[in-house]
$ cat structure.cif   # mmCIF, C-alpha atoms
data_query
#
loop_
_atom_site.group_PDB
_atom_site.id
_atom_site.type_symbol
_atom_site.label_atom_id
_atom_site.label_comp_id
_atom_site.auth_asym_id
_atom_site.auth_seq_id
_atom_site.Cartn_x
_atom_site.Cartn_y
_atom_site.Cartn_z
ATOM 1 C CA MET A 175 0.903 -16.749 -22.877
ATOM 2 C CA LEU A 176 0.067 -13.541 -21.054
ATOM 3 C CA PRO A 177 1.310 -13.272 -17.454
ATOM 4 C CA LYS A 178 -1.245 -14.205 -14.821
ATOM 5 C CA VAL A 179 -2.011 -11.293 -12.503
ATOM 6 C CA ALA A 180 -4.129 -11.557 -9.358
ATOM 7 C CA ALA A 181 -5.331 -8.618 -7.266
ATOM 8 C CA ILE A 182 -5.926 -8.416 -3.523
ATOM 9 C CA VAL A 183 -8.014 -5.668 -1.921
ATOM 10 C CA VAL A 184 -8.515 -5.367 1.849
ATOM 11 C CA SER A 185 -11.612 -3.464 2.919
ATOM 12 C CA HIS A 186 -12.647 -2.081 6.294
ATOM 13 C CA ASN A 187 -15.711 0.190 6.352
ATOM 14 C CA SER A 188 -14.849 1.075 2.747
ATOM 15 C CA LYS A 189 -18.335 1.673 1.361
ATOM 16 C CA ALA A 190 -17.539 5.123 -0.069
ATOM 17 C CA THR A 191 -14.789 3.924 -2.418
ATOM 18 C CA LEU A 192 -14.834 0.140 -2.803
ATOM 19 C CA GLU A 193 -17.197 -0.104 -5.779
ATOM 20 C CA ARG A 194 -15.079 2.298 -7.829
ATOM 21 C CA CYS A 195 -11.873 0.516 -6.824
ATOM 22 C CA ILE A 196 -13.194 -2.922 -7.871
ATOM 23 C CA ALA A 197 -14.740 -1.568 -11.071
ATOM 24 C CA ALA A 198 -11.360 -0.134 -12.063
ATOM 25 C CA LEU A 199 -9.735 -3.542 -11.539
ATOM 26 C CA GLU A 200 -12.428 -5.254 -13.607
ATOM 27 C CA ALA A 201 -11.859 -2.740 -16.410
ATOM 28 C CA GLN A 202 -8.115 -3.411 -16.800
ATOM 29 C CA ASP A 203 -6.895 -3.919 -20.357
ATOM 30 C CA HIS A 204 -4.811 -6.822 -19.038
ATOM 31 C CA CYS A 205 -7.504 -9.099 -17.668
ATOM 32 C CA LEU A 206 -6.945 -10.161 -14.069
ATOM 33 C CA GLU A 207 -6.796 -13.849 -13.219
ATOM 34 C CA SER A 208 -8.690 -13.161 -9.985
ATOM 35 C CA ILE A 209 -9.733 -10.370 -7.626
ATOM 36 C CA ILE A 210 -9.648 -11.364 -3.967
ATOM 37 C CA LEU A 211 -11.576 -9.016 -1.683
ATOM 38 C CA VAL A 212 -10.834 -9.541 2.010
ATOM 39 C CA ASP A 213 -13.062 -7.667 4.427
ATOM 40 C CA SER A 214 -11.313 -7.105 7.734
ATOM 41 C CA GLY A 215 -14.134 -6.552 10.193
ATOM 42 C CA SER A 216 -16.343 -3.880 8.634
ATOM 43 C CA SER A 217 -18.901 -2.818 11.246
ATOM 44 C CA ASP A 218 -21.734 -3.006 8.689
ATOM 45 C CA LYS A 219 -21.165 -5.661 6.028
ATOM 46 C CA GLU A 220 -24.295 -4.955 4.006
ATOM 47 C CA TYR A 221 -22.338 -2.985 1.401
ATOM 48 C CA LEU A 222 -20.369 -6.148 0.644
ATOM 49 C CA ASP A 223 -23.435 -8.078 -0.537
ATOM 50 C CA ALA A 224 -23.077 -6.745 -4.082
ATOM 51 C CA PHE A 225 -19.624 -8.296 -4.379
ATOM 52 C CA LYS A 226 -20.899 -11.752 -3.435
ATOM 53 C CA ARG A 227 -22.704 -11.765 -6.791
ATOM 54 C CA ARG A 228 -19.732 -10.569 -8.860
ATOM 55 C CA LYS A 229 -18.222 -13.438 -10.848
ATOM 56 C CA SER A 230 -14.895 -11.602 -11.035
ATOM 57 C CA VAL A 231 -14.593 -11.204 -7.247
ATOM 58 C CA ARG A 232 -13.976 -13.737 -4.505
ATOM 59 C CA LEU A 233 -15.052 -12.337 -1.136
ATOM 60 C CA LEU A 234 -13.405 -13.478 2.099
ATOM 61 C CA LEU A 235 -14.855 -12.308 5.415
ATOM 62 C CA ALA A 236 -12.691 -11.960 8.511
ATOM 63 C CA ASP A 237 -12.734 -10.248 11.870
ATOM 64 C CA ASN A 238 -10.808 -6.996 12.214
ATOM 65 C CA ILE A 239 -7.466 -8.770 11.918
ATOM 66 C CA GLY A 240 -5.485 -5.829 10.553
ATOM 67 C CA PHE A 241 -4.094 -4.895 7.166
ATOM 68 C CA SER A 242 -1.117 -7.277 7.140
ATOM 69 C CA ARG A 243 -2.959 -10.417 8.186
ATOM 70 C CA ALA A 244 -5.888 -9.653 5.872
ATOM 71 C CA ASN A 245 -3.546 -9.265 2.878
ATOM 72 C CA ASN A 246 -1.806 -12.495 3.842
ATOM 73 C CA LEU A 247 -5.183 -14.234 4.001
ATOM 74 C CA GLY A 248 -5.902 -13.056 0.473
ATOM 75 C CA TYR A 249 -2.467 -14.121 -0.737
ATOM 76 C CA GLU A 250 -2.840 -17.607 0.749
ATOM 77 C CA SER A 251 -6.042 -18.069 -1.256
ATOM 78 C CA LEU A 252 -4.381 -17.299 -4.601
ATOM 79 C CA SER A 253 -3.458 -19.881 -7.161
ATOM 80 C CA PRO A 254 0.288 -20.606 -6.731
ATOM 81 C CA ASP A 255 0.861 -20.191 -10.464
ATOM 82 C CA ALA A 256 0.106 -16.464 -10.410
ATOM 83 C CA ASP A 257 3.000 -14.585 -12.019
ATOM 84 C CA PHE A 258 2.234 -11.215 -10.417
ATOM 85 C CA VAL A 259 0.240 -10.043 -7.423
ATOM 86 C CA LEU A 260 -1.347 -6.608 -7.214
ATOM 87 C CA PHE A 261 -2.047 -5.228 -3.733
ATOM 88 C CA VAL A 262 -4.506 -2.326 -3.923
ATOM 89 C CA ASN A 263 -6.071 -0.211 -1.196
ATOM 90 C CA PRO A 264 -9.878 0.052 -1.407
ATOM 91 C CA ASP A 265 -9.609 3.830 -1.863
ATOM 92 C CA LEU A 266 -7.321 3.664 -4.908
ATOM 93 C CA PHE A 267 -8.528 3.902 -8.514
ATOM 94 C CA LEU A 268 -6.435 2.509 -11.397
ATOM 95 C CA PRO A 269 -6.731 3.655 -15.024
ATOM 96 C CA PRO A 270 -7.542 0.798 -17.454
ATOM 97 C CA ASP A 271 -4.067 0.562 -18.986
ATOM 98 C CA SER A 272 -2.185 0.407 -15.669
ATOM 99 C CA ILE A 273 -1.251 -3.272 -15.488
ATOM 100 C CA ALA A 274 -0.601 -3.646 -19.218
ATOM 101 C CA THR A 275 1.726 -0.638 -19.090
ATOM 102 C CA ALA A 276 3.629 -1.758 -15.999
ATOM 103 C CA LEU A 277 4.234 -5.466 -16.719
ATOM 104 C CA PRO A 278 6.946 -4.993 -19.408
ATOM 105 C CA LEU A 279 9.126 -3.260 -16.812
ATOM 106 C CA PHE A 280 9.534 -6.569 -14.989
ATOM 107 C CA GLU A 281 10.899 -8.170 -18.158
ATOM 108 C CA GLU A 282 13.358 -5.317 -18.645
ATOM 109 C CA LYS A 283 14.559 -5.451 -15.022
ATOM 110 C CA PRO A 284 14.657 -9.040 -13.703
ATOM 111 C CA LEU A 285 15.707 -7.990 -10.189
ATOM 112 C CA ILE A 286 12.635 -5.823 -9.652
ATOM 113 C CA ALA A 287 10.451 -7.403 -6.955
ATOM 114 C CA MET A 288 7.852 -4.644 -6.617
ATOM 115 C CA LEU A 289 6.913 -1.496 -8.402
ATOM 116 C CA SER A 290 4.554 1.342 -7.683
ATOM 117 C CA GLY A 291 3.727 4.547 -9.443
ATOM 118 C CA LYS A 292 2.715 8.146 -9.150
ATOM 119 C CA LEU A 293 -0.197 8.280 -6.716
ATOM 120 C CA LEU A 294 -2.269 11.431 -6.989
ATOM 121 C CA GLY A 295 -4.644 12.642 -4.311
ATOM 122 C CA TYR A 296 -8.391 12.325 -4.800
ATOM 123 C CA ASP A 297 -11.092 14.149 -2.836
ATOM 124 C CA ILE A 298 -13.880 11.582 -2.595
ATOM 125 C CA GLU A 299 -16.211 13.988 -0.786
ATOM 126 C CA HIS A 300 -16.278 16.309 -3.817
ATOM 127 C CA ASP A 301 -15.511 13.538 -6.347
ATOM 128 C CA ARG A 302 -12.516 15.238 -7.915
ATOM 129 C CA PRO A 303 -8.711 15.094 -7.933
ATOM 130 C CA SER A 304 -7.099 17.081 -5.154
ATOM 131 C CA GLY A 305 -4.477 18.517 -7.476
ATOM 132 C CA ARG A 306 -1.706 17.254 -5.178
ATOM 133 C CA ILE A 307 0.687 14.316 -5.135
ATOM 134 C CA ASP A 308 -0.020 11.574 -2.619
ATOM 135 C CA SER A 309 3.101 9.436 -3.009
ATOM 136 C CA THR A 310 5.942 8.754 -5.434
ATOM 137 C CA GLY A 311 7.641 6.154 -3.288
ATOM 138 C CA ILE A 312 8.864 6.200 0.298
ATOM 139 C CA GLN A 313 12.158 7.624 1.536
ATOM 140 C CA ARG A 314 13.808 8.268 4.893
ATOM 141 C CA LYS A 315 15.055 11.566 6.299
ATOM 142 C CA TRP A 316 18.591 11.755 7.665
ATOM 143 C CA TYR A 317 17.203 11.623 11.210
ATOM 144 C CA GLY A 318 15.002 8.589 10.554
ATOM 145 C CA ARG A 319 11.516 9.736 9.581
ATOM 146 C CA TRP A 320 9.965 7.741 6.756
ATOM 147 C CA PHE A 321 7.833 9.832 4.405
ATOM 148 C CA ASP A 322 5.914 9.615 1.133
ATOM 149 C CA ARG A 323 8.022 11.479 -1.386
ATOM 150 C CA GLY A 324 6.296 14.508 -2.896
ATOM 151 C CA GLN A 325 3.204 14.271 -0.710
ATOM 152 C CA GLY A 326 1.200 17.503 -0.837
ATOM 153 C CA GLN A 327 3.168 18.949 -3.747
ATOM 154 C CA CYS A 328 1.682 20.024 -7.074
ATOM 155 C CA ASP A 329 2.640 17.669 -9.876
ATOM 156 C CA ASN A 330 4.914 19.718 -12.113
ATOM 157 C CA GLY A 331 6.789 16.788 -13.597
ATOM 158 C CA GLN A 332 9.409 16.736 -10.833
ATOM 159 C CA TYR A 333 8.959 12.968 -10.421
ATOM 160 C CA ASP A 334 8.676 11.978 -14.070
ATOM 161 C CA GLU A 335 11.740 9.722 -14.108
ATOM 162 C CA PRO A 336 11.774 6.093 -12.919
ATOM 163 C CA GLU A 337 13.883 5.513 -9.838
ATOM 164 C CA GLU A 338 14.811 2.713 -7.454
ATOM 165 C CA MET A 339 13.383 3.449 -4.012
ATOM 166 C CA ASP A 340 14.066 2.613 -0.366
ATOM 167 C CA ALA A 341 10.417 1.560 0.044
ATOM 168 C CA LEU A 342 7.100 1.743 -1.777
ATOM 169 C CA CYS A 343 3.632 2.826 -0.667
ATOM 170 C CA GLY A 344 1.377 -0.124 0.158
ATOM 171 C CA ALA A 345 -1.648 1.558 -1.397
ATOM 172 C CA LEU A 346 -0.450 0.212 -4.762
ATOM 173 C CA LEU A 347 2.087 -2.583 -5.092
ATOM 174 C CA LEU A 348 2.540 -4.684 -8.216
ATOM 175 C CA CYS A 349 4.739 -7.605 -7.155
ATOM 176 C CA ARG A 350 6.644 -10.365 -8.891
ATOM 177 C CA ASN A 351 5.254 -13.491 -7.224
ATOM 178 C CA ALA A 352 8.623 -15.252 -7.419
ATOM 179 C CA ALA A 353 10.026 -12.498 -5.184
ATOM 180 C CA LEU A 354 7.199 -12.884 -2.684
ATOM 181 C CA GLN A 355 7.698 -16.644 -2.667
ATOM 182 C CA SER A 356 11.389 -16.125 -1.880
ATOM 183 C CA LEU A 357 10.485 -14.586 1.480
ATOM 184 C CA PRO A 358 11.093 -16.970 4.402
ATOM 185 C CA GLY A 359 7.810 -16.022 6.106
ATOM 186 C CA PRO A 360 4.464 -14.387 5.271
ATOM 187 C CA VAL A 361 4.363 -11.612 2.705
ATOM 188 C CA PHE A 362 3.354 -8.966 5.267
ATOM 189 C CA ASP A 363 4.612 -9.347 8.816
ATOM 190 C CA PRO A 364 1.461 -10.104 10.850
ATOM 191 C CA VAL A 365 2.680 -8.176 13.914
ATOM 192 C CA PHE A 366 1.940 -4.947 12.011
ATOM 193 C CA PHE A 367 -1.765 -4.258 12.448
ATOM 194 C CA LEU A 368 -1.683 -1.047 10.419
ATOM 195 C CA TYR A 369 1.067 1.286 9.102
ATOM 196 C CA LYS A 370 4.707 0.623 8.219
ATOM 197 C CA GLU A 371 3.984 -2.917 6.977
ATOM 198 C CA ASP A 372 4.812 -1.756 3.437
ATOM 199 C CA ILE A 373 8.183 -0.389 4.582
ATOM 200 C CA GLU A 374 8.954 -3.580 6.492
ATOM 201 C CA LEU A 375 8.183 -5.687 3.410
ATOM 202 C CA SER A 376 10.333 -3.377 1.300
ATOM 203 C CA LEU A 377 13.294 -3.758 3.663
ATOM 204 C CA ARG A 378 13.039 -7.558 3.719
ATOM 205 C CA LEU A 379 12.959 -7.786 -0.068
ATOM 206 C CA ARG A 380 15.943 -5.453 -0.415
ATOM 207 C CA LYS A 381 17.945 -7.529 2.083
ATOM 208 C CA LEU A 382 17.375 -10.521 -0.199
ATOM 209 C CA GLY A 383 18.851 -8.594 -3.126
ATOM 210 C CA TRP A 384 15.618 -7.536 -4.821
ATOM 211 C CA LYS A 385 15.010 -4.018 -6.159
ATOM 212 C CA LEU A 386 12.016 -1.688 -5.757
ATOM 213 C CA LEU A 387 10.998 0.599 -8.599
ATOM 214 C CA TYR A 388 8.994 3.795 -8.768
ATOM 215 C CA THR A 389 7.712 4.416 -12.282
ATOM 216 C CA PRO A 390 5.642 7.421 -13.418
ATOM 217 C CA VAL A 391 4.115 5.401 -16.269
ATOM 218 C CA LEU A 392 1.954 3.797 -13.589
ATOM 219 C CA CYS A 393 -0.404 6.436 -12.241
ATOM 220 C CA ALA A 394 -3.449 6.189 -9.973
ATOM 221 C CA TYR A 395 -5.715 8.215 -7.710
ATOM 222 C CA HIS A 396 -5.602 7.619 -3.965
ATOM 223 C CA CYS A 397 -8.204 9.027 -1.596
ATOM 224 C CA ARG A 398 -6.169 8.456 1.620
ATOM 225 C CA GLY A 399 -8.721 8.745 4.414
ATOM 226 C CA TRP A 400 -6.827 11.297 6.487
ATOM 227 C CA LYS A 401 -5.737 13.307 3.401
ATOM 228 C CA GLY A 402 -2.090 13.307 4.372
ATOM 229 C CA GLU A 403 -2.669 15.721 7.224
ATOM 230 C CA ARG A 404 -1.421 14.189 10.451
ATOM 231 C CA GLN A 405 -3.533 16.429 12.692
ATOM 232 C CA LYS A 406 -6.668 14.888 11.170
ATOM 233 C CA MET A 407 -5.686 11.392 12.311
ATOM 234 C CA SER A 408 -7.434 10.184 15.443
ATOM 235 C CA TYR A 409 -5.348 9.737 18.580
ATOM 236 C CA ALA A 410 -5.829 5.961 18.383
ATOM 237 C CA LEU A 411 -4.445 5.860 14.843
ATOM 238 C CA ARG A 412 -1.475 8.034 15.806
ATOM 239 C CA VAL A 413 -0.662 5.625 18.644
ATOM 240 C CA THR A 414 -0.929 2.689 16.239
ATOM 241 C CA ALA A 415 1.422 4.478 13.834
ATOM 242 C CA VAL A 416 4.157 5.149 16.412
ATOM 243 C CA LYS A 417 3.912 1.610 17.777
ATOM 244 C CA SER A 418 4.341 0.282 14.250
ATOM 245 C CA GLU A 419 7.442 2.421 13.800
ATOM 246 C CA LEU A 420 8.989 0.944 16.949
ATOM 247 C CA LEU A 421 8.138 -2.528 15.671
ATOM 248 C CA LEU A 422 9.874 -1.686 12.407
ATOM 249 C CA TYR A 423 13.152 -0.966 14.194
ATOM 250 C CA LYS A 424 12.765 -4.015 16.398
ATOM 251 C CA LYS A 425 12.626 -6.084 13.197
ATOM 252 C CA HIS A 426 15.331 -4.045 11.461
ATOM 253 C CA PRO A 427 17.648 -2.614 14.158
ATOM 254 C CA SER A 428 18.966 0.874 13.457
ATOM 255 C CA PRO A 429 20.085 4.025 15.314
ATOM 256 C CA TYR A 430 16.940 5.590 13.841
ATOM 257 C CA VAL A 431 15.037 3.880 16.646
ATOM 258 C CA LEU A 432 15.907 6.954 18.772
ATOM 259 C CA PHE A 433 13.669 9.066 16.534
ATOM 260 C CA ALA A 434 10.910 6.455 16.782
ATOM 261 C CA LEU A 435 11.168 6.485 20.597
ATOM 262 C CA LEU A 436 10.914 10.274 20.655
ATOM 263 C CA LYS A 437 7.781 10.144 18.475
ATOM 264 C CA TYR A 438 6.276 7.513 20.754
ATOM 265 C CA VAL A 439 6.770 9.715 23.825
ATOM 266 C CA LEU A 440 5.418 12.817 22.093
ATOM 267 C CA VAL A 441 2.263 10.999 20.995
ATOM 268 C CA THR A 442 1.517 8.848 24.034
ATOM 269 C CA VAL A 443 2.585 11.275 26.777
ATOM 270 C CA PHE A 444 2.038 14.716 25.261
ATOM 271 C CA ARG A 445 -0.633 13.673 22.713
ATOM 272 C CA LEU A 446 1.058 15.618 19.929
#
$ encode --input "structure.cif" --output "structure tokens"
Amino acid sequence: MLPKVAAIVVSHNSKATLERCIAALEAQDHCLESIILVDSGSSDKEYLDAFKRRKSVRLLLADNIGFSRANNLGYESLSPDADFVLFVNPDLFLPPDSIATALPLFEEKPLIAMLSGKLLGYDIEHDRPSGRIDSTGIQRKWYGRWFDRGQGQCDNGQYDEPEEMDALCGALLLCRNAALQSLPGPVFDPVFFLYKEDIELSLRLRKLGWKLLYTPVLCAYHCRGWKGERQKMSYALRVTAVKSELLLYKKHPSPYVLFALLKYVLVTVFRL
């Protein structure tokens, strides 16, 4: 029997990209067992009406409860016999062969809990690829800053080898459900409203002995609302980001918390 794969998408004012994201999931060569769409407090829910009529989609409506809690809500609604769970941002578009191509890697590497792939930037305003890399996994600088590897670079094949990673980008996570079920608590820590929840999940899985894999055979386009340019993030989002980083080091104590504290001061006091 083919492995059962379920997808979870969390939307929040995602009208510009959600239809294309869901259509790409429906078009997968490996048919999905279910697509759970969780709307986390969109200000205008009219754009969601079309998905109420889609047989392939189950729509759950919630207040603006944040990315972690909304994903957990979707996960709790899944059938427990799902073999794999795909977490996808509403601004990410998967090619049709993505899941079918990625699943054999789990058979080859039984300790892999999650994998993600080469995420390429997409300019939704002009409906075209940006020509730049968005993420090829997440790493940490020597002084503590977490960053999406390769972000902003041209793709010249420099990340064309699979590699175990410190963390993976939450925009696209294909997860072994047995690994998620081995976690002592929720999949995503609900204290993280937005940002760093993917890193926190990655750290918990690694502490349990699981591995995280970046593979270039899995490739997708990611619009990323702020286009990877920090100065285009609103002040409120920057504050949320630095608070999430402090939460990360509260959950996983490290000397790197000094860097997180410095960032918090720079953002909240000096508004940098």
$ closest_residue --input "structure.cif" --among "A:Ser188, A:Thr414, A:Ser253, A:Ser214" --to "A:Phe241" --atoms "all atoms listed in the file"
A:Ser214
$ atom_distance --input "structure.cif" --atom1 "atom CA of A:Phe258" --atom2 "atom CA of A:Asn245"
14.6 Å
$ atom_distance --input "structure.cif" --atom1 "atom CA of A:Ala276" --atom2 "atom CA of A:Gly326"
24.6 Å
$ atom_distance --input "structure.cif" --atom1 "atom CA of A:Leu382" --atom2 "atom CA of A:Ala244"
24.1 Å
$ residues_near_point --input "structure.cif" --point "(8.6, 10.0, -0.2)" --cutoff "9 Å" --atoms "only C-alpha atoms" --output "list in words"
Ser309, Thr310, Gly311, Ile312, Gln313, Arg314, Trp320, Phe321, Asp322, Arg323, Gly324, Gln325, Met339, Ala341, Leu342 and Cys343 of chain A
$ write_last_selection --input "structure.cif" --atoms "C-alpha atoms" --output "compact mmCIF listing (two decimals), in the coordinates of the input"
# COMPACT_ATOMS: atom_id res chain seq x y z
CA SER A 309 3.10 9.44 -3.01
CA THR A 310 5.94 8.75 -5.43
CA GLY A 311 7.64 6.15 -3.29
CA ILE A 312 8.86 6.20 0.30
CA GLN A 313 12.16 7.62 1.54
CA ARG A 314 13.81 8.27 4.89
CA TRP A 320 9.96 7.74 6.76
CA PHE A 321 7.83 9.83 4.40
CA ASP A 322 5.91 9.62 1.13
CA ARG A 323 8.02 11.48 -1.39
CA GLY A 324 6.30 14.51 -2.90
CA GLN A 325 3.20 14.27 -0.71
CA MET A 339 13.38 3.45 -4.01
CA ALA A 341 10.42 1.56 0.04
CA LEU A 342 7.10 1.74 -1.78
CA CYS A 343 3.63 2.83 -0.67
$ closest_residue --input "structure.cif" --among "A:Ile239, A:Leu386, A:Ala353, A:His396" --to "A:Leu192" --atoms "only C-alpha atoms"
A:His396
$ closest_residue --input "structure.cif" --among "A:Leu420, A:Val413, A:Ala274, A:Ala394" --to "A:Leu440" --atoms "only C-alpha atoms"
A:Val413
$ residues_around --input "structure.cif" --residues "A:Ser418" --least-positions-apart "3" --cutoff "8 Å" --atoms "all atoms listed in the file" --output "ChimeraX atom specification"
/A:366-371,414-415,421-422
$ resolve_selection --input "structure.cif" --expression "the PyMOL selection byres ((chain A and resi 193-201) around 12)" --output "short mmCIF file (atom, residue, chain, number, x, y, z; two decimals) with C-alpha atoms, in the frame of the given file"
data_model
loop_
_atom_site.label_atom_id
_atom_site.label_comp_id
_atom_site.auth_asym_id
_atom_site.auth_seq_id
_atom_site.Cartn_x
_atom_site.Cartn_y
_atom_site.Cartn_z
CA VAL A 179 -2.01 -11.29 -12.50
CA ALA A 180 -4.13 -11.56 -9.36
CA ALA A 181 -5.33 -8.62 -7.27
CA ILE A 182 -5.93 -8.42 -3.52
CA VAL A 183 -8.01 -5.67 -1.92
CA VAL A 184 -8.52 -5.37 1.85
CA SER A 185 -11.61 -3.46 2.92
CA SER A 188 -14.85 1.08 2.75
CA LYS A 189 -18.34 1.67 1.36
CA ALA A 190 -17.54 5.12 -0.07
CA THR A 191 -14.79 3.92 -2.42
CA LEU A 192 -14.83 0.14 -2.80
CA GLN A 202 -8.12 -3.41 -16.80
CA ASP A 203 -6.90 -3.92 -20.36
CA HIS A 204 -4.81 -6.82 -19.04
CA CYS A 205 -7.50 -9.10 -17.67
CA LEU A 206 -6.94 -10.16 -14.07
CA GLU A 207 -6.80 -13.85 -13.22
CA SER A 208 -8.69 -13.16 -9.98
CA ILE A 209 -9.73 -10.37 -7.63
CA ILE A 210 -9.65 -11.36 -3.97
CA LEU A 211 -11.58 -9.02 -1.68
CA TYR A 221 -22.34 -2.98 1.40
CA LEU A 222 -20.37 -6.15 0.64
CA ASP A 223 -23.44 -8.08 -0.54
CA ALA A 224 -23.08 -6.74 -4.08
CA PHE A 225 -19.62 -8.30 -4.38
CA ARG A 228 -19.73 -10.57 -8.86
CA LYS A 229 -18.22 -13.44 -10.85
CA SER A 230 -14.90 -11.60 -11.04
CA VAL A 231 -14.59 -11.20 -7.25
CA ARG A 232 -13.98 -13.74 -4.50
CA LEU A 233 -15.05 -12.34 -1.14
CA LEU A 260 -1.35 -6.61 -7.21
CA PHE A 261 -2.05 -5.23 -3.73
CA VAL A 262 -4.51 -2.33 -3.92
CA ASN A 263 -6.07 -0.21 -1.20
CA PRO A 264 -9.88 0.05 -1.41
CA ASP A 265 -9.61 3.83 -1.86
CA LEU A 266 -7.32 3.66 -4.91
CA PHE A 267 -8.53 3.90 -8.51
CA LEU A 268 -6.44 2.51 -11.40
CA PRO A 269 -6.73 3.66 -15.02
CA PRO A 270 -7.54 0.80 -17.45
CA ASP A 271 -4.07 0.56 -18.99
CA SER A 272 -2.18 0.41 -15.67
CA ILE A 273 -1.25 -3.27 -15.49
CA ALA A 274 -0.60 -3.65 -19.22
CA ILE A 298 -13.88 11.58 -2.60
CA ASP A 301 -15.51 13.54 -6.35
CA ALA A 345 -1.65 1.56 -1.40
CA LEU A 346 -0.45 0.21 -4.76
CA ALA A 394 -3.45 6.19 -9.97
CA TYR A 395 -5.72 8.22 -7.71
CA HIS A 396 -5.60 7.62 -3.96
CA CYS A 397 -8.20 9.03 -1.60
#
$ residues_around --input "structure.cif" --residues "A:Ser304" --least-positions-apart "2" --cutoff "9 Å" --atoms "all atoms listed in the file" --output "list in words"
Leu294, Gly295, Tyr296, Asp297, Arg302, Arg306, Ile307 and Cys397 of chain A
$ build_atoms --input "structure.cif" --residues "stretch 292-307 of chain A" --atoms "N, CA and C atoms" --output "short mmCIF file (atom, residue, chain, number, x, y, z; two decimals), in the frame of the given file"
data_model
loop_
_atom_site.label_atom_id
_atom_site.label_comp_id
_atom_site.auth_asym_id
_atom_site.auth_seq_id
_atom_site.Cartn_x
_atom_site.Cartn_y
_atom_site.Cartn_z
N LYS A 292 3.06 6.81 -9.62
CA LYS A 292 2.72 8.15 -9.15
C LYS A 292 1.27 8.12 -8.64
N LEU A 293 1.13 8.26 -7.33
CA LEU A 293 -0.20 8.28 -6.72
C LEU A 293 -0.62 9.73 -6.52
N LEU A 294 -1.75 10.07 -7.07
CA LEU A 294 -2.27 11.43 -6.99
C LEU A 294 -3.47 11.46 -6.05
N GLY A 295 -3.57 12.53 -5.28
CA GLY A 295 -4.64 12.64 -4.31
C GLY A 295 -6.00 12.76 -4.97
N TYR A 296 -7.02 12.23 -4.30
CA TYR A 296 -8.39 12.32 -4.80
C TYR A 296 -9.31 12.67 -3.64
N ASP A 297 -10.14 13.69 -3.85
CA ASP A 297 -11.09 14.15 -2.84
C ASP A 297 -12.42 13.44 -3.09
N ILE A 298 -12.68 12.38 -2.34
CA ILE A 298 -13.88 11.58 -2.60
C ILE A 298 -15.14 12.34 -2.19
N GLU A 299 -15.04 13.23 -1.22
CA GLU A 299 -16.21 13.99 -0.79
C GLU A 299 -16.76 14.86 -1.90
N HIS A 300 -15.86 15.44 -2.71
CA HIS A 300 -16.28 16.31 -3.82
C HIS A 300 -16.09 15.63 -5.16
N ASP A 301 -15.66 14.35 -5.14
CA ASP A 301 -15.51 13.54 -6.35
C ASP A 301 -14.65 14.23 -7.40
N ARG A 302 -13.42 14.57 -6.98
CA ARG A 302 -12.52 15.24 -7.92
C ARG A 302 -11.08 15.07 -7.42
N PRO A 303 -10.11 15.15 -8.35
CA PRO A 303 -8.71 15.09 -7.93
C PRO A 303 -8.38 16.27 -7.02
N SER A 304 -7.49 16.01 -6.09
CA SER A 304 -7.10 17.08 -5.15
C SER A 304 -6.13 18.06 -5.77
N GLY A 305 -5.49 17.66 -6.87
CA GLY A 305 -4.48 18.52 -7.48
C GLY A 305 -3.11 18.39 -6.82
N ARG A 306 -2.96 17.42 -5.90
CA ARG A 306 -1.71 17.25 -5.18
C ARG A 306 -1.20 15.82 -5.30
N ILE A 307 0.09 15.64 -5.14
CA ILE A 307 0.69 14.32 -5.14
C ILE A 307 0.41 13.65 -3.80
#
